[in-house]
>>> print(open('coords_39.txt').read())   # compact mmCIF, C-alpha atoms
# COMPACT_ATOMS: atom_id res chain seq x y z
CA MET W 1 79.30 150.78 98.37
CA HIS W 2 76.74 153.03 100.04
CA HIS W 3 73.08 152.12 100.14
CA GLU W 4 70.13 154.19 101.26
CA HIS W 5 69.17 151.70 103.93
CA GLY W 6 68.72 151.60 107.63
CA PRO W 7 71.20 150.09 110.06
CA ALA W 8 69.76 146.60 109.44
CA LEU W 9 71.79 146.14 106.26
CA ASP W 10 74.97 147.66 107.59
CA VAL W 11 75.41 144.76 110.01
CA GLY W 12 75.88 142.35 107.10
CA PRO W 13 79.23 143.36 105.56
CA PRO W 14 81.15 143.77 108.86
CA LEU W 15 79.74 140.46 110.12
CA ALA W 16 80.72 138.65 106.92
CA GLY W 17 84.16 140.26 106.96
CA ALA W 18 84.65 139.21 110.60
CA CYS W 19 83.60 135.63 109.74
CA ALA W 20 86.18 135.51 106.94
CA LEU W 21 88.95 136.72 109.24
CA LEU W 22 87.86 134.35 112.00
CA ALA W 23 87.95 131.39 109.60
CA VAL W 24 91.51 132.32 108.58
CA ALA W 25 92.56 132.58 112.23
CA VAL W 26 91.06 129.15 113.03
CA TYR W 27 92.78 127.61 110.01
CA LEU W 28 96.17 129.07 110.92
CA VAL W 29 95.88 127.91 114.54
CA ALA W 30 94.88 124.42 113.40
CA ALA W 31 97.79 124.19 110.96
CA ARG W 32 100.14 125.40 113.66
CA ARG W 33 98.89 122.77 116.05
CA LEU W 34 99.42 120.10 113.41
CA ARG W 35 102.99 121.21 112.80
CA SER W 36 103.79 121.51 116.49
CA ARG W 37 102.95 117.84 116.97
CA GLY W 38 105.32 116.98 114.11
CA ASP W 39 102.95 116.53 111.17
CA ALA W 40 103.82 117.99 107.80
CA TRP W 41 101.43 120.59 106.40
CA PRO W 42 102.71 122.67 103.48
CA TRP W 43 102.92 126.41 104.11
CA ARG W 44 101.44 127.16 100.72
CA ARG W 45 98.12 125.85 102.02
CA ASP W 46 98.18 128.38 104.86
CA ALA W 47 98.97 131.05 102.27
CA CYS W 48 96.10 129.91 100.04
CA PHE W 49 93.58 129.94 102.86
CA ALA W 50 94.73 133.35 104.10
CA ALA W 51 94.54 134.73 100.56
CA GLY W 52 91.06 133.24 100.16
CA GLY W 53 89.94 134.86 103.40
CA ALA W 54 91.45 138.16 102.26
CA ALA W 55 89.58 137.90 98.94
CA LEU W 56 86.32 137.36 100.82
CA PHE W 57 87.08 140.26 103.13
CA VAL W 58 87.83 142.62 100.23
CA ALA W 59 84.64 141.48 98.48
CA VAL W 60 82.44 142.38 101.45
CA ALA W 61 84.32 145.27 103.02
CA GLY W 62 86.86 146.61 100.57
CA PRO W 63 86.42 149.69 98.38
CA LEU W 64 86.29 148.52 94.76
CA PRO W 65 86.51 150.88 91.78
CA GLY W 66 83.94 151.40 89.00
CA GLY W 67 80.20 151.83 88.55
CA ALA W 68 77.58 150.11 90.71
CA PHE W 69 77.25 147.00 88.54
CA THR W 70 81.02 146.74 88.01
CA VAL W 71 81.54 146.82 91.78
CA HIS W 72 78.84 144.17 92.19
CA MET W 73 80.55 142.00 89.55
CA ALA W 74 83.99 142.42 91.13
CA GLN W 75 82.49 141.36 94.47
CA HIS W 76 80.93 138.29 92.89
CA LEU W 77 84.14 137.38 91.09
CA LEU W 78 86.08 137.61 94.35
CA ALA W 79 83.52 135.96 96.63
CA GLY W 80 82.11 133.38 94.20
CA MET W 81 85.17 132.29 92.22
CA VAL W 82 88.56 133.53 93.48
CA ALA W 83 87.99 133.01 97.21
CA PRO W 84 86.42 129.52 96.80
CA LEU W 85 89.35 128.37 94.66
CA LEU W 86 91.90 129.56 97.23
CA LEU W 87 89.93 128.12 100.15
CA VAL W 88 89.47 124.74 98.46
CA LEU W 89 93.17 124.55 97.50
CA ALA W 90 93.99 124.84 101.21
CA ARG W 91 92.09 121.54 101.90
CA PRO W 92 90.29 122.74 105.02
CA LEU W 93 88.39 119.46 105.52
CA THR W 94 91.60 117.42 105.45
CA LEU W 95 93.12 119.78 108.00
CA ALA W 96 90.08 119.60 110.28
CA LEU W 97 89.97 115.81 110.17
CA ARG W 98 93.64 115.60 111.01
CA VAL W 99 93.67 118.15 113.78
CA LEU W 100 90.46 117.15 115.59
CA ARG W 101 90.87 114.49 118.28
CA PRO W 102 88.57 111.47 118.14
CA GLY W 103 85.27 112.60 119.60
CA ARG W 104 81.90 113.95 118.74
CA PRO W 105 82.93 116.97 116.56
CA ARG W 106 85.22 114.84 114.47
CA ARG W 107 82.60 112.12 114.07
CA ALA W 108 80.01 114.71 113.04
CA LEU W 109 82.35 116.21 110.48
CA LEU W 110 83.21 112.81 109.07
CA ALA W 111 79.52 111.89 108.93
CA ALA W 112 78.77 115.13 107.05
CA ALA W 113 81.60 114.50 104.58
CA HIS W 114 80.35 110.98 103.91
CA TRP W 115 76.66 111.88 104.00
CA ARG W 116 74.66 110.80 100.98
CA VAL W 117 73.37 114.33 100.37
CA SER W 118 76.91 115.75 100.38
CA GLY W 119 77.72 113.12 97.80
CA TRP W 120 74.88 114.32 95.55
CA LEU W 121 75.81 117.97 96.00
CA LEU W 122 79.43 117.23 95.13
CA PHE W 123 78.46 115.37 91.94
CA PRO W 124 80.12 117.82 89.51
CA PRO W 125 77.12 118.44 87.20
CA VAL W 126 74.84 119.08 90.21
CA ALA W 127 77.33 121.51 91.74
CA ALA W 128 77.69 123.26 88.36
CA VAL W 129 73.91 123.65 87.99
CA LEU W 130 73.63 125.05 91.52
CA ASP W 131 76.43 127.55 90.80
CA MET W 132 75.78 128.58 87.18
CA GLY W 133 72.01 128.10 87.44
CA GLY W 134 72.05 130.42 90.45
CA LEU W 135 73.89 133.05 88.40
CA TRP W 136 71.44 132.78 85.50
CA VAL W 137 68.50 133.13 87.89
CA LEU W 138 70.16 136.12 89.57
CA TYR W 139 70.84 138.03 86.35
CA ARG W 140 68.02 136.87 84.12
CA THR W 141 65.07 137.15 86.51
CA PRO W 142 64.01 140.16 88.61
CA LEU W 143 65.84 138.62 91.60
CA LEU W 144 68.72 141.11 91.53
CA ALA W 145 66.32 144.06 91.47
CA ALA W 146 64.24 142.49 94.25
CA ALA W 147 67.30 141.86 96.41
CA HIS W 148 68.37 145.48 96.12
CA ASP W 149 65.93 146.73 98.74
CA ARG W 150 65.47 143.56 100.79
CA PRO W 151 68.49 143.11 103.09
CA VAL W 152 67.64 139.51 104.06
CA LEU W 153 67.20 138.42 100.44
CA ASN W 154 70.38 140.28 99.54
CA ALA W 155 72.30 138.44 102.26
CA LEU W 156 70.85 135.11 101.11
CA VAL W 157 71.94 135.80 97.53
CA HIS W 158 75.48 136.51 98.70
CA VAL W 159 75.60 133.44 100.91
CA HIS W 160 74.42 131.35 97.96
CA VAL W 161 77.10 132.84 95.69
CA VAL W 162 79.86 131.92 98.14
CA ALA W 163 78.44 128.50 99.08
CA ALA W 164 77.74 127.48 95.48
CA GLY W 165 81.18 128.73 94.46
CA VAL W 166 82.86 126.62 97.14
CA LEU W 167 80.71 123.60 96.24
CA PHE W 168 81.50 123.86 92.52
CA THR W 169 85.22 124.39 93.10
CA ALA W 170 85.37 121.47 95.54
CA ALA W 171 83.50 119.23 93.09
CA ILE W 172 85.89 120.12 90.25
CA CYS W 173 89.13 119.95 92.27
CA GLN W 174 88.22 117.02 94.58
CA LEU W 175 91.12 117.56 96.95
CA ASP W 176 89.40 116.78 100.25
CA PRO W 177 88.33 113.28 101.30
CA VAL W 178 84.60 113.03 100.65
CA ARG W 179 82.12 110.26 99.97
CA ARG W 180 83.07 109.71 96.35
CA ARG W 181 85.55 111.11 93.87
CA TRP W 182 84.79 111.52 90.21
CA GLY W 183 87.06 110.93 87.24
CA LEU W 184 88.89 113.53 85.21
CA PRO W 185 86.69 113.30 82.06
CA LEU W 186 83.49 114.09 83.99
CA ARG W 187 85.12 116.95 85.89
CA GLY W 188 86.68 118.33 82.71
CA ALA W 189 83.41 118.16 80.78
CA THR W 190 81.58 119.83 83.66
CA LEU W 191 84.16 122.61 83.73
CA LEU W 192 83.71 123.08 79.98
CA ALA W 193 79.93 123.31 80.24
CA ALA W 194 80.02 125.61 83.27
CA GLY W 195 82.63 127.84 81.62
CA ALA W 196 80.49 128.12 78.51
CA ALA W 197 77.39 128.99 80.58
CA HIS W 198 79.41 131.66 82.38
CA ALA W 199 80.81 133.12 79.14
CA VAL W 200 77.41 133.23 77.43
CA LEU W 201 75.78 134.91 80.42
CA ALA W 202 78.58 137.50 80.53
CA LYS W 203 78.13 138.28 76.82
CA THR W 204 74.38 138.71 77.11
CA LEU W 205 74.85 141.05 80.10
CA TYR W 206 76.94 143.27 77.80
CA ALA W 207 73.84 144.07 75.79
CA LEU W 208 70.96 143.35 78.13
CA PRO W 209 70.91 144.41 81.81
CA PRO W 210 69.28 142.18 84.47
CA PRO W 211 65.50 142.73 84.43
CA GLY W 212 64.30 145.60 86.60
CA THR W 213 67.70 147.30 86.89
CA ALA W 214 68.89 150.49 85.20
CA PHE W 215 72.68 150.46 85.07
CA ALA W 216 74.50 152.83 82.71
CA PRO W 217 75.58 151.14 79.44
CA GLY W 218 79.25 151.88 80.12
CA ASP W 219 78.99 150.31 83.57
CA LEU W 220 77.27 147.28 82.06
CA HIS W 221 79.97 146.87 79.41
CA VAL W 222 82.83 147.00 81.90
CA ALA W 223 81.04 144.60 84.27
CA ALA W 224 80.25 142.10 81.48
CA GLN W 225 83.87 142.05 80.30
CA LEU W 226 85.10 141.74 83.88
CA MET W 227 82.81 138.74 84.34
CA TYR W 228 83.95 137.21 81.04
CA TYR W 229 87.71 137.61 81.38
CA GLY W 230 87.75 137.20 85.17
CA GLY W 231 85.81 133.96 84.71
CA ASP W 232 88.41 132.87 82.15
CA LEU W 233 91.23 133.33 84.63
CA VAL W 234 89.58 131.25 87.35
CA GLU W 235 88.53 128.64 84.82
CA VAL W 236 92.13 128.27 83.59
CA ALA W 237 93.25 127.98 87.22
CA LEU W 238 90.69 125.18 87.80
CA ALA W 239 91.87 123.46 84.63
CA VAL W 240 95.46 123.71 85.87
CA VAL W 241 94.44 122.03 89.15
CA ILE W 242 92.88 119.12 87.23
CA ALA W 243 95.83 118.99 84.79
CA VAL W 244 98.37 118.83 87.60
CA GLN W 245 96.43 115.95 89.16
CA TRP W 246 96.52 114.11 85.82
CA TYR W 247 100.23 114.84 85.38
CA ALA W 248 101.06 113.53 88.86
CA ALA W 249 98.90 110.43 88.35
CA ALA W 250 100.52 109.74 84.96
CA GLY W 251 103.94 110.05 86.60
CA ARG W 252 102.96 107.59 89.34
CA ARG W 253 101.66 105.15 86.74
CA ARG W 254 104.96 105.39 84.92
CA ARG W 255 106.94 104.69 88.09
CA THR W 256 104.83 101.94 89.67
CA PRO W 257 104.51 98.43 88.27
CA ARG W 258 101.14 97.75 86.73
CA THR W 259 100.05 95.45 89.54
CA LEU W 260 99.99 98.37 91.97
CA MET W 261 98.10 100.71 89.69
CA GLY W 262 94.78 100.06 91.34
CA ALA W 263 96.05 101.29 94.69
CA SER W 264 94.53 104.71 95.26
CA HIS W 265 96.61 107.58 96.49
CA ILE W 266 95.12 109.94 98.99
CA PRO W 267 97.18 113.08 99.33
CA MET U 268 113.08 101.58 88.46
CA SER U 269 110.56 99.29 86.91
CA GLY U 270 111.57 98.68 83.35
CA SER U 271 108.91 96.00 83.04
CA SER U 272 106.05 98.52 83.24
CA VAL U 273 107.31 100.46 80.22
CA PRO U 274 105.81 99.15 76.99
CA ALA U 275 108.20 97.18 74.84
CA GLY U 276 110.21 99.21 72.38
CA GLY U 277 112.80 100.82 74.60
CA ARG U 278 114.37 104.01 73.31
CA SER U 279 112.42 104.49 70.08
CA GLU U 280 109.25 105.30 72.03
CA VAL U 281 108.74 108.68 70.28
CA ARG U 282 105.06 109.47 69.64
CA PRO U 283 104.77 111.62 66.50
CA GLY U 284 100.97 111.75 66.46
CA ARG U 285 100.69 112.80 70.09
CA SER U 286 103.48 115.36 69.69
CA LEU U 287 101.56 116.88 66.80
CA GLY U 288 98.25 116.79 68.67
CA ALA U 289 99.57 118.39 71.86
CA ALA U 290 101.30 121.19 69.96
CA ALA U 291 98.23 121.73 67.75
CA LEU U 292 96.11 122.27 70.89
CA ILE U 293 98.65 124.83 72.10
CA GLY U 294 98.60 126.48 68.65
CA VAL U 295 94.82 126.79 68.61
CA ALA U 296 94.75 128.28 72.09
CA LEU U 297 97.66 130.65 71.36
CA MET U 298 95.94 132.03 68.26
CA ALA U 299 92.71 132.41 70.22
CA ALA U 300 94.62 134.36 72.86
CA VAL U 301 96.27 136.58 70.22
CA ASP U 302 92.84 137.22 68.70
CA GLU U 303 91.41 138.14 72.09
CA ILE U 304 94.34 140.35 73.15
CA VAL U 305 95.27 142.06 69.87
CA PHE U 306 92.02 142.41 67.96
CA HIS U 307 89.51 142.64 70.81
CA GLN U 308 91.48 144.58 73.41
CA LEU U 309 94.42 146.47 71.81
CA LEU U 310 93.07 147.41 68.37
CA GLY U 311 89.40 147.32 69.35
CA TRP U 312 88.51 146.07 65.84
CA HIS U 313 86.37 143.16 66.96
CA HIS U 314 83.29 143.74 69.06
CA PHE U 315 83.02 141.97 72.40
CA TYR U 316 79.39 141.28 71.51
CA ASP U 317 77.73 142.09 68.22
CA ARG U 318 74.04 142.72 68.80
CA SER U 319 73.21 140.86 65.63
CA THR U 320 74.84 137.69 67.02
CA PRO U 321 72.24 134.90 66.87
CA ALA U 322 71.63 132.80 69.99
CA ILE U 323 73.26 129.71 68.46
CA GLY U 324 76.33 131.80 67.61
CA LEU U 325 76.52 133.04 71.18
CA LEU U 326 76.22 129.53 72.60
CA THR U 327 78.77 128.03 70.19
CA ASP U 328 81.11 130.93 70.85
CA GLY U 329 80.89 130.35 74.61
CA LEU U 330 81.61 126.64 74.22
CA LEU U 331 84.50 127.19 71.80
CA HIS U 332 85.99 129.95 73.91
CA THR U 333 85.98 127.73 77.00
CA ALA U 334 87.29 124.77 74.98
CA GLU U 335 90.21 126.91 73.79
CA LEU U 336 91.12 127.80 77.36
CA LEU U 337 90.97 124.18 78.45
CA GLY U 338 92.88 123.24 75.28
CA LEU U 339 95.73 125.50 76.27
CA VAL U 340 96.08 123.76 79.64
CA ILE U 341 95.57 120.26 78.22
CA GLY U 342 98.04 120.96 75.39
CA PHE U 343 100.77 122.14 77.74
CA VAL U 344 100.38 119.34 80.28
CA TRP U 345 100.24 116.76 77.47
CA TRP U 346 103.39 118.29 75.92
CA ALA U 347 105.12 118.24 79.33
CA ASP U 348 104.15 114.58 79.79
CA LEU U 349 105.56 113.65 76.38
CA ARG U 350 108.80 115.50 77.15
CA ARG U 351 109.07 113.80 80.52
CA GLY U 352 108.72 110.38 78.89
CA ARG U 353 111.11 111.35 76.06
CA ALA U 354 108.28 110.69 73.64
CA LEU U 355 108.23 114.17 72.09
CA SER U 356 109.08 114.53 68.44
CA ALA U 357 110.14 118.17 68.04
CA ALA U 358 109.60 118.21 64.27
CA HIS U 359 106.03 116.95 64.62
CA ALA U 360 105.38 119.36 67.48
CA TRP U 361 106.40 122.34 65.31
CA ALA U 362 104.17 121.12 62.53
CA GLY U 363 101.29 120.73 64.98
CA LEU U 364 101.82 124.22 66.38
CA PHE U 365 101.49 125.83 62.93
CA LEU U 366 98.56 123.62 61.98
CA GLY U 367 96.84 124.72 65.18
CA LEU U 368 97.59 128.41 64.64
CA GLY U 369 96.40 128.34 61.02
CA GLY U 370 93.48 126.07 61.76
CA PHE U 371 92.11 128.40 64.39
CA GLN U 372 92.65 131.48 62.23
CA LEU U 373 90.79 129.96 59.30
CA PHE U 374 88.04 128.50 61.51
CA ASP U 375 87.56 131.88 63.16
CA GLY U 376 87.48 133.68 59.80
CA LEU U 377 85.05 131.29 58.13
CA ILE U 378 82.86 129.76 60.84
CA ASP U 379 82.84 132.37 63.62
CA HIS U 380 82.77 135.46 61.40
CA LYS U 381 80.69 134.20 58.47
CA VAL U 382 78.59 131.16 59.42
CA LEU U 383 77.83 131.86 63.09
CA ARG U 384 78.29 135.64 62.65
CA VAL U 385 79.63 136.09 66.19
CA HIS U 386 81.31 139.34 65.12
CA GLN U 387 83.25 140.73 62.12
CA VAL U 388 86.94 141.55 61.63
CA ARG U 389 86.30 145.28 61.67
CA TYR U 390 83.30 147.59 61.77
CA ASP U 391 84.33 151.19 60.97
CA ILE U 392 85.26 150.54 57.33
CA PRO U 393 83.23 150.65 54.07
CA ASP U 394 84.56 147.40 52.59
CA LEU U 395 85.09 144.32 54.73
CA LEU U 396 86.31 142.08 51.90
CA PRO U 397 90.06 142.96 51.99
CA TYR U 398 90.06 142.34 55.74
CA ASP U 399 88.33 138.99 55.37
CA LEU U 400 90.74 138.00 52.59
CA ALA U 401 93.79 139.02 54.65
CA TRP U 402 92.42 137.21 57.73
CA ASN U 403 91.69 133.94 55.96
CA GLY U 404 94.78 134.24 53.74
CA ALA U 405 96.96 134.45 56.85
CA GLY U 406 95.19 131.37 58.20
CA LEU U 407 95.79 129.46 54.97
CA MET U 408 99.47 130.46 54.96
CA LEU U 409 99.98 129.21 58.53
CA LEU U 410 98.20 125.97 57.63
CA ALA U 411 100.45 125.57 54.57
CA ILE U 412 103.57 126.06 56.72
CA GLY U 413 102.23 123.47 59.14
CA ALA U 414 101.53 121.03 56.29
CA VAL U 415 105.05 121.43 54.87
CA LEU U 416 106.57 120.92 58.32
CA ALA U 417 104.39 117.83 58.86
CA VAL U 418 105.52 116.29 55.58
CA ARG U 419 109.17 117.01 56.41
CA ALA U 420 108.74 115.60 59.92
CA ARG U 421 107.23 112.41 58.50
CA ARG U 422 110.10 112.07 55.98
CA SER U 423 112.74 112.52 58.67
CA VAL U 424 111.13 109.77 60.75
CA GLY U 425 111.05 107.52 57.69
CA ARG U 426 114.76 108.11 57.11
CA GLU U 427 115.60 107.22 60.71
CA ARG U 428 113.81 103.94 60.35
>>> encode(input="coords_39.txt", output="structure tokens")
Amino acid sequence: MHHEHGPALDVGPPLAGACALLAVAVYLVAARRLRSRGDAWPWRRDACFAAGGAALFVAVAGPLPGGAFTVHMAQHLLAGMVAPLLLVLARPLTLALRVLRPGRPRRALLAAAHWRVSGWLLFPPVAAVLDMGGLWVLYRTPLLAAAHDRPVLNALVHVHVVAAGVLFTAAICQLDPVRRRWGLPLRGATLLAAGAAHAVLAKTLYALPPPGTAFAPGDLHVAAQLMYYGGDLVEVALAVVIAVQWYAAAGRRRRTPRTLMGASHIP
Amino acid sequence: MSGSSVPAGGRSEVRPGRSLGAAALIGVALMAAVDEIVFHQLLGWHHFYDRSTPAIGLLTDGLLHTAELLGLVIGFVWWADLRRGRALSAAHAWAGLFLGLGGFQLFDGLIDHKVLRVHQVRYDIPDLLPYDLAWNGAGLMLLAIGAVLAVRARRSVGRER
């Protein structure tokens, strides 16, 4: 996407793309170190993290087809939903805690994971409000128009999209060891509410552009349907993650005597 | 193996109600998917968004649409769990599938199209009535098939006992 801006903005996408690639490199090195000392770490997690990093890279640096708003929507779908899901499935926090030697960085990471504020942020409804609420504010207030010619604001919006996406996905999937894990009903209900909020917003965008913007109707229609059906795909994937957890837990309950049922299993 | 953890009853641990429920969820979600793929995308009869859609219709539609997606996943994993535990009654599952298919079709035709007015079956035609009749008639027929299958499934269980 080409903007009529000075060099200040052009630093953003390459920097973000480089960060994504760097994160993938760090993950792969860490996983390799874990394996070389004899620990098991499934390869599919490496693949997930690499794919997540690639999705982020394409979102910031890749050429995407379609009108301006369709491109924007494809970027958001990749950076805010697809990439977070893939990154979270790779359990980066688990990997970091296992690969770091006892010492200050590991203690700091553990403290952050068990921090009270992290616990609040990872409470599924809170994470959903931060993610979906952010989207509603972006598309239903003049924020999107304002961010168009303010590089710093634009960068902040994108950072929020990625961060809130990761937070929401982590809260729904709950794969990494954090302060507190929530039950399936709460996570399922949160997913339902968030999915509905996403679908409704996508439908309204079909008819009504974000305030202060002037996208062509055709562009708007394609973007709204991309948001709607793309959101569906990621939502189904999140539901599958939860469903697989339930299926595995039900299988364990069936195998283990009832007296051991209370024993928690940390993958 | 821990036989003691399995509820008493042994081999006859088939769950007809759950078999029907799981398959009905799959049926609802399958019909919703057919509706979305055939009538929205391939034929282009339905509108993605009808500008006359009231806000409550939009909100309900969003919730139902998401619930259908989750229903598909829940239905399949539930079905897989029943199969794994040999608790699946195939006859009840078939009945549930048709009840789900017909139930969604009729619900969509009556509630979504008429009460909530999310969108209509088709737009570029002078008379909508034949389309509405065909839509809801198809739903009723699927429901009737499901009902017949459910009755037969119940009878076959009765005979076994």
>>> interface_residues(input="coords_39.txt", of="chain W", to="chain U", cutoff="6 Å", atoms="all atoms listed in the file", output="list in words")
Leu192, Gly195, Ala196, Ala199, Val200 and Pro257 of chain W
>>> closest_residue(input="coords_39.txt", among="W:Pro210, W:Gly80, W:Pro92, W:Gly17", to="Phe49 (chain W)", atoms="all atoms listed in the file")
W:Pro92
>>> closest_residue(input="coords_39.txt", among="W:Ile242, W:Leu167, W:Arg35, W:His148", to="Leu186 (chain W)", atoms="all atoms listed in the file")
W:Ile242
>>> closest_residue(input="coords_39.txt", among="W:Trp120, W:Tyr206, W:Tyr27, W:Tyr139", to="Leu95 (chain W)", atoms="only C-alpha atoms")
W:Tyr27
>>> atom_distance(input="coords_39.txt", atom1="CA of Ala74 (chain W)", atom2="CA of Asp232 (chain W)")
13.8 Å
>>> atom_distance(input="coords_39.txt", atom1="CA of Trp361 (chain U)", atom2="CA of Leu410 (chain U)")
11.8 Å
>>> closest_residue(input="coords_39.txt", among="W:Val157, W:Val240, W:Leu205, W:Ala250", to="Phe69 (chain W)", atoms="only C-alpha atoms")
W:Leu205
>>> atom_distance(input="coords_39.txt", atom1="CA of Pro65 (chain W)", atom2="CA of Asp302 (chain U)")
27.6 Å
>>> residues_near_point(input="coords_39.txt", point="(83.9, 141.0, 94.2)", cutoff="10 Å", atoms="all atoms listed in the file", output="list in words")
Ala55, Leu56, Phe57, Val58, Ala59, Val60, Ala61, Gly62, Pro63, Leu64, Thr70, Val71, His72, Met73, Ala74, Gln75, His76, Leu77, Leu78, Ala79, Gly80, Met81, Val82 and Ala83 of chain W
>>> closest_residue(input="coords_39.txt", among="W:Ala237, W:Leu34, W:Ala207, W:Val129", to="His314 (chain U)", atoms="only C-alpha atoms")
W:Ala207
